[in-house]
Amino acid sequence: MTDLDRRLVIVVRADPVICGHSGEARNLAEVALTRGFTDVRLLTWPIPVLQAAGLPLKPLDRLLPYSKGITVERPEAVGDYRVPDGRHLAGLTGRLVELLAEPIPTVCLSMYLVPHTQVVVDAVTAARAAGFAPDVHTIAKAVGSDVTNVIRSCLREGRFGAASVLFTTFLANDEVVAVSEYTRDEIIASAEEVDATCGTSFAAKCRERVTVSYPPIDSSAYVDLEPAAVDAALARRGLERDGYILFLSRVARAKGIYDLVIAYGEMRSRDRVKLVVAGNGPALEHVRAMAKEDDRIIFLNDVDDEEKPLLMRGCAAYALPTKPEPDFVETFGIALAEKMLAGGGPVVTTLTGGTGEAVGDTAIIVEPGDIHGLADALDHAVMEMTVSEREEMAARALKKAMTFDRTAVFDSLFPV
């Protein structure tokens, strides 16, 4: 252990989960190796647990490898069937205590407050109580849906005790971060609601302490793509450049997939372009059933991280008509920024949650839930935009998206 003099531990839902935060963790881990961290670890869940949870997963046989120096740990459960919900949490927490017991300065980042931040806080408390005196600095990152899903559901159901536990755990970290300005505002608004009911003072603390760190993206995987590689990827799928509209995201109602399928049926340009729905998610089978009579809608549920930018580059337009739902609001839109890096046709999206922070003024915007407006916007992108207009929009989009490059985001989050 003498050669390990600085460690970064990220507690997260890592690959193979199809989740922007999984990609965030990978990108931060890779940059850490170039910034003086000699040991980088991702603490995450056993794959059978992720499969049982019903989360959308990438093809297991095509996961991109991590660089040497990054270790992915998936601690097994502790205890037996008599501890039905806490066994895997105990495994994660216990393993983190073991790492903190080693005399290595450690930065520990948790992404998604429930339960990963609880794992970090419990592990640090236990390590200190045991007398290990860990040299540790903790950062908790609220990635978005932990606010819109967990906290908001607590508030809707009047479960202010659970919300209080979450805020207490969040604020127990040395640094507290939100994935976007929208998410920061949501945290503060939720804290104000808890304060009004419980007489607590979470909002003032959140207003003072919560900063913003946008998602880190590996821009090198998206820019300067080889034209031959793009053409080969499209040929394998029976596609042509500018011959399809792409939806590449989690297939869920809140992502606007139902609106998109209906809008595609109304489009004047549907004879020119196919609709490619790439991804997995809870709405996939229902959407398949909706589209079973339309042979111009193509479903791809096996797109890996290498193929993704190639499909983005070749599309006539990329559509993510996300809209707010009770259990989910798009708090940034990582796929939007990735598409902006890849180039190709314009992004068509909505100003929902934090998407405006991702796209700025570089996308075609429609109102959430406006199916006719969505069809018109896609027709405009396919049929009416000139080559020069598309190129100008793509250039502005690239410049905007480069501000989310993983190296710049890492250096801001982990200053030397």
# chains A, B, ... in the order shown; residues from 1 in each chain; ligands from 1

call {"tool": "residues_around", "arguments": {"residues": "A:Arg406", "least_positions_apart": "5", "cutoff": "8 Å", "atoms": "only C-alpha atoms", "output": "CSV table (one decimal) with N, CA and C atoms, in the first residue's frame"}}
result
chain,number,residue,atom,x,y,z
A,27,ASN,N,-16.2,9.2,-16.2
A,27,ASN,CA,-15.4,10.3,-16.7
A,27,ASN,C,-14.5,10.9,-15.6
A,28,LEU,N,-15.1,11.1,-14.4
A,28,LEU,CA,-14.4,11.6,-13.3
A,28,LEU,C,-13.2,10.7,-12.9
A,31,VAL,N,-10.3,11.0,-15.5
A,31,VAL,CA,-9.5,12.2,-15.3
A,31,VAL,C,-8.7,12.2,-14.0
A,215,PRO,N,-22.4,17.9,-15.5
A,215,PRO,CA,-21.9,16.6,-15.8
A,215,PRO,C,-20.7,16.6,-16.6
A,216,PRO,N,-19.7,15.8,-16.3
A,216,PRO,CA,-18.4,15.7,-17.1
A,216,PRO,C,-18.6,14.8,-18.3
A,217,ILE,N,-18.2,15.2,-19.4
A,217,ILE,CA,-18.4,14.4,-20.6
A,217,ILE,C,-17.0,14.2,-21.3
A,218,ASP,N,-16.8,13.0,-21.8
A,218,ASP,CA,-15.6,12.7,-22.5
A,218,ASP,C,-15.7,13.2,-24.0
A,219,SER,N,-15.4,14.5,-24.2
A,219,SER,CA,-15.6,15.1,-25.5
A,219,SER,C,-14.8,14.3,-26.6

call {"tool": "select_by_dssp", "arguments": {"residues": "stretch 188-355 of chain A", "states": "alpha helix (DSSP H)", "output": "number ranges by chain"}}
result
A: 188-198, 202-209, 227-236, 257-266, 284-290, 308-314, 334-342, 355

call {"tool": "residues_around", "arguments": {"residues": "A:Val230", "least_positions_apart": "5", "cutoff": "8 Å", "atoms": "only C-alpha atoms", "output": "PDB file with all heavy atoms, in the first residue's frame"}}
result
ATOM      1  N   LEU A 225     -15.209  12.568 -35.393  1.00  0.00           N
ATOM      2  CA  LEU A 225     -15.485  11.178 -35.725  1.00  0.00           C
ATOM      3  C   LEU A 225     -15.081  10.891 -37.173  1.00  0.00           C
ATOM      4  O   LEU A 225     -15.260  11.724 -38.062  1.00  0.00           O
ATOM      5  CB  LEU A 225     -16.968  10.880 -35.546  1.00  0.00           C
ATOM      6  CG  LEU A 225     -17.510  11.033 -34.114  1.00  0.00           C
ATOM      7  CD1 LEU A 225     -19.031  10.926 -34.120  1.00  0.00           C
ATOM      8  CD2 LEU A 225     -16.896   9.992 -33.188  1.00  0.00           C
ATOM      9  N   LEU A 310     -21.687   7.624 -33.126  1.00  0.00           N
ATOM     10  CA  LEU A 310     -21.782   7.443 -34.572  1.00  0.00           C
ATOM     11  C   LEU A 310     -23.224   7.600 -35.038  1.00  0.00           C
ATOM     12  O   LEU A 310     -23.495   8.222 -36.076  1.00  0.00           O
ATOM     13  CB  LEU A 310     -21.228   6.070 -34.953  1.00  0.00           C
ATOM     14  CG  LEU A 310     -19.786   5.789 -34.497  1.00  0.00           C
ATOM     15  CD1 LEU A 310     -19.394   4.354 -34.828  1.00  0.00           C
ATOM     16  CD2 LEU A 310     -18.812   6.772 -35.158  1.00  0.00           C
ATOM     17  N   LEU A 311     -24.168   7.041 -34.265  1.00  0.00           N
ATOM     18  CA  LEU A 311     -25.576   7.210 -34.601  1.00  0.00           C
ATOM     19  C   LEU A 311     -26.001   8.664 -34.449  1.00  0.00           C
ATOM     20  O   LEU A 311     -26.802   9.178 -35.234  1.00  0.00           O
ATOM     21  CB  LEU A 311     -26.435   6.318 -33.704  1.00  0.00           C
ATOM     22  CG  LEU A 311     -26.339   4.812 -33.927  1.00  0.00           C
ATOM     23  CD1 LEU A 311     -27.197   4.074 -32.897  1.00  0.00           C
ATOM     24  CD2 LEU A 311     -26.761   4.436 -35.335  1.00  0.00           C
ATOM     25  N   ARG A 313     -24.071  11.292 -34.885  1.00  0.00           N
ATOM     26  CA  ARG A 313     -23.470  12.070 -35.968  1.00  0.00           C
ATOM     27  C   ARG A 313     -24.239  11.930 -37.272  1.00  0.00           C
ATOM     28  O   ARG A 313     -24.329  12.864 -38.065  1.00  0.00           O
ATOM     29  CB  ARG A 313     -22.021  11.623 -36.179  1.00  0.00           C
ATOM     30  CG  ARG A 313     -21.295  12.373 -37.293  1.00  0.00           C
ATOM     31  CD  ARG A 313     -21.118  13.842 -36.923  1.00  0.00           C
ATOM     32  NE  ARG A 313     -20.442  14.600 -37.973  1.00  0.00           N
ATOM     33  CZ  ARG A 313     -21.058  15.155 -39.020  1.00  0.00           C
ATOM     34  NH1 ARG A 313     -22.379  15.035 -39.156  1.00  0.00           N
ATOM     35  NH2 ARG A 313     -20.383  15.825 -39.916  1.00  0.00           N
ATOM     36  N   GLY A 314     -24.825  10.763 -37.515  1.00  0.00           N
ATOM     37  CA  GLY A 314     -25.441  10.523 -38.808  1.00  0.00           C
ATOM     38  C   GLY A 314     -26.894  10.923 -38.928  1.00  0.00           C
ATOM     39  O   GLY A 314     -27.456  10.885 -40.028  1.00  0.00           O
TER      40      GLY A 314
END

call {"tool": "atom_distance", "arguments": {"atom1": "atom CA of A:Asp376", "atom2": "atom CA of A:Arg396"}}
result
22.5 Å

call {"tool": "closest_residue", "arguments": {"among": "A:Arg250, A:Arg7, A:Arg184, A:Arg26", "to": "A:Pro56", "atoms": "only C-alpha atoms"}}
result
A:Arg250

call {"tool": "closest_atom_pairs", "arguments": {"of": "stretch 214-272 of chain A", "to": "stretch 381-391 of chain A", "cutoff": "12 Å", "atoms": "only C-alpha atoms", "output": "Markdown table"}}
result
| residue | atom | partner | partner_atom | distance |
| --- | --- | --- | --- | --- |
| A:Arg241 | CA | A:Val382 | CA | 11.9 |
| A:Asp242 | CA | A:Val382 | CA | 8.1 |
| A:Gly243 | CA | A:Val382 | CA | 9.1 |
| A:Tyr244 | CA | A:Val382 | CA | 9.2 |
| A:Ile245 | CA | A:Val382 | CA | 8.7 |
| A:Met267 | CA | A:Val382 | CA | 10.1 |
| A:Arg268 | CA | A:Met383 | CA | 8.9 |
| A:Ser269 | CA | A:Met383 | CA | 7.0 |
| A:Arg270 | CA | A:Val382 | CA | 9.4 |
| A:Asp271 | CA | A:Val382 | CA | 11.0 |
| A:Arg272 | CA | A:Val382 | CA | 8.3 |

call {"tool": "residues_around", "arguments": {"residues": "A:Arg41", "least_positions_apart": "4", "cutoff": "6 Å", "atoms": "only C-alpha atoms", "output": "PyMOL selection string"}}
result
chain A and resi 9+70-72

call {"tool": "residues_around", "arguments": {"residues": "A:Gly344", "least_positions_apart": "5", "cutoff": "8 Å", "atoms": "only C-alpha atoms", "output": "ChimeraX atom specification"}}
result
/A:312-317,394

call {"tool": "write_last_selection", "arguments": {"atoms": "C-alpha atoms", "output": "compact mmCIF listing (two decimals), in the first residue's frame"}}
result
# COMPACT_ATOMS: atom_id res chain seq x y z
CA MET A 312 -25.78 10.75 -33.26
CA ARG A 313 -23.47 12.07 -35.97
CA GLY A 314 -25.44 10.52 -38.81
CA CYS A 315 -28.98 11.58 -37.88
CA ALA A 316 -31.07 14.25 -39.60
CA ALA A 317 -32.21 15.47 -36.17
CA ALA A 394 -23.77 22.68 -35.11

call {"tool": "closest_residue", "arguments": {"among": "A:Leu100, A:Leu55, A:Val12, A:Val120", "to": "A:Arg74", "atoms": "only C-alpha atoms"}}
result
A:Val12

call {"tool": "residues_around", "arguments": {"residues": "A:Ala129", "least_positions_apart": "6", "cutoff": "12 Å", "atoms": "only C-alpha atoms", "output": "number ranges by chain"}}
result
A: 97, 101, 122-123

call {"tool": "select_by_dssp", "arguments": {"residues": "stretch 150-384 of chain A", "states": "strand (DSSP E or B)", "output": "ChimeraX atom specification"}}
result
/A:175-178,211-212,217,244-248,274-278,297-300,317-320,325,328,347-350,364-366

call {"tool": "residues_around", "arguments": {"residues": "stretch 281-285 of chain A", "least_positions_apart": "4", "cutoff": "10 Å", "atoms": "only C-alpha atoms", "output": "list in words"}}
result
Ile18, Gly54, Leu55, Pro56, Leu57, Ser249, Arg250, Val251, Ala252, Arg253, Ala254, Lys255, Ile257, Tyr258, Val277, Ala289, Met290, Ala291, Phe299 and Asn301 of chain A

call {"tool": "atom_distance", "arguments": {"atom1": "atom CA of A:Gly356", "atom2": "atom CA of A:Asp195"}}
result
29.0 Å

call {"tool": "closest_residue", "arguments": {"among": "A:Ala278, A:Ile371, A:Ala363, A:Ala204", "to": "A:Gly265", "atoms": "only C-alpha atoms"}}
result
A:Ile371

call {"tool": "atom_distance", "arguments": {"atom1": "atom CA of A:Thr168", "atom2": "atom CA of A:Ser110"}}
result
14.8 Å
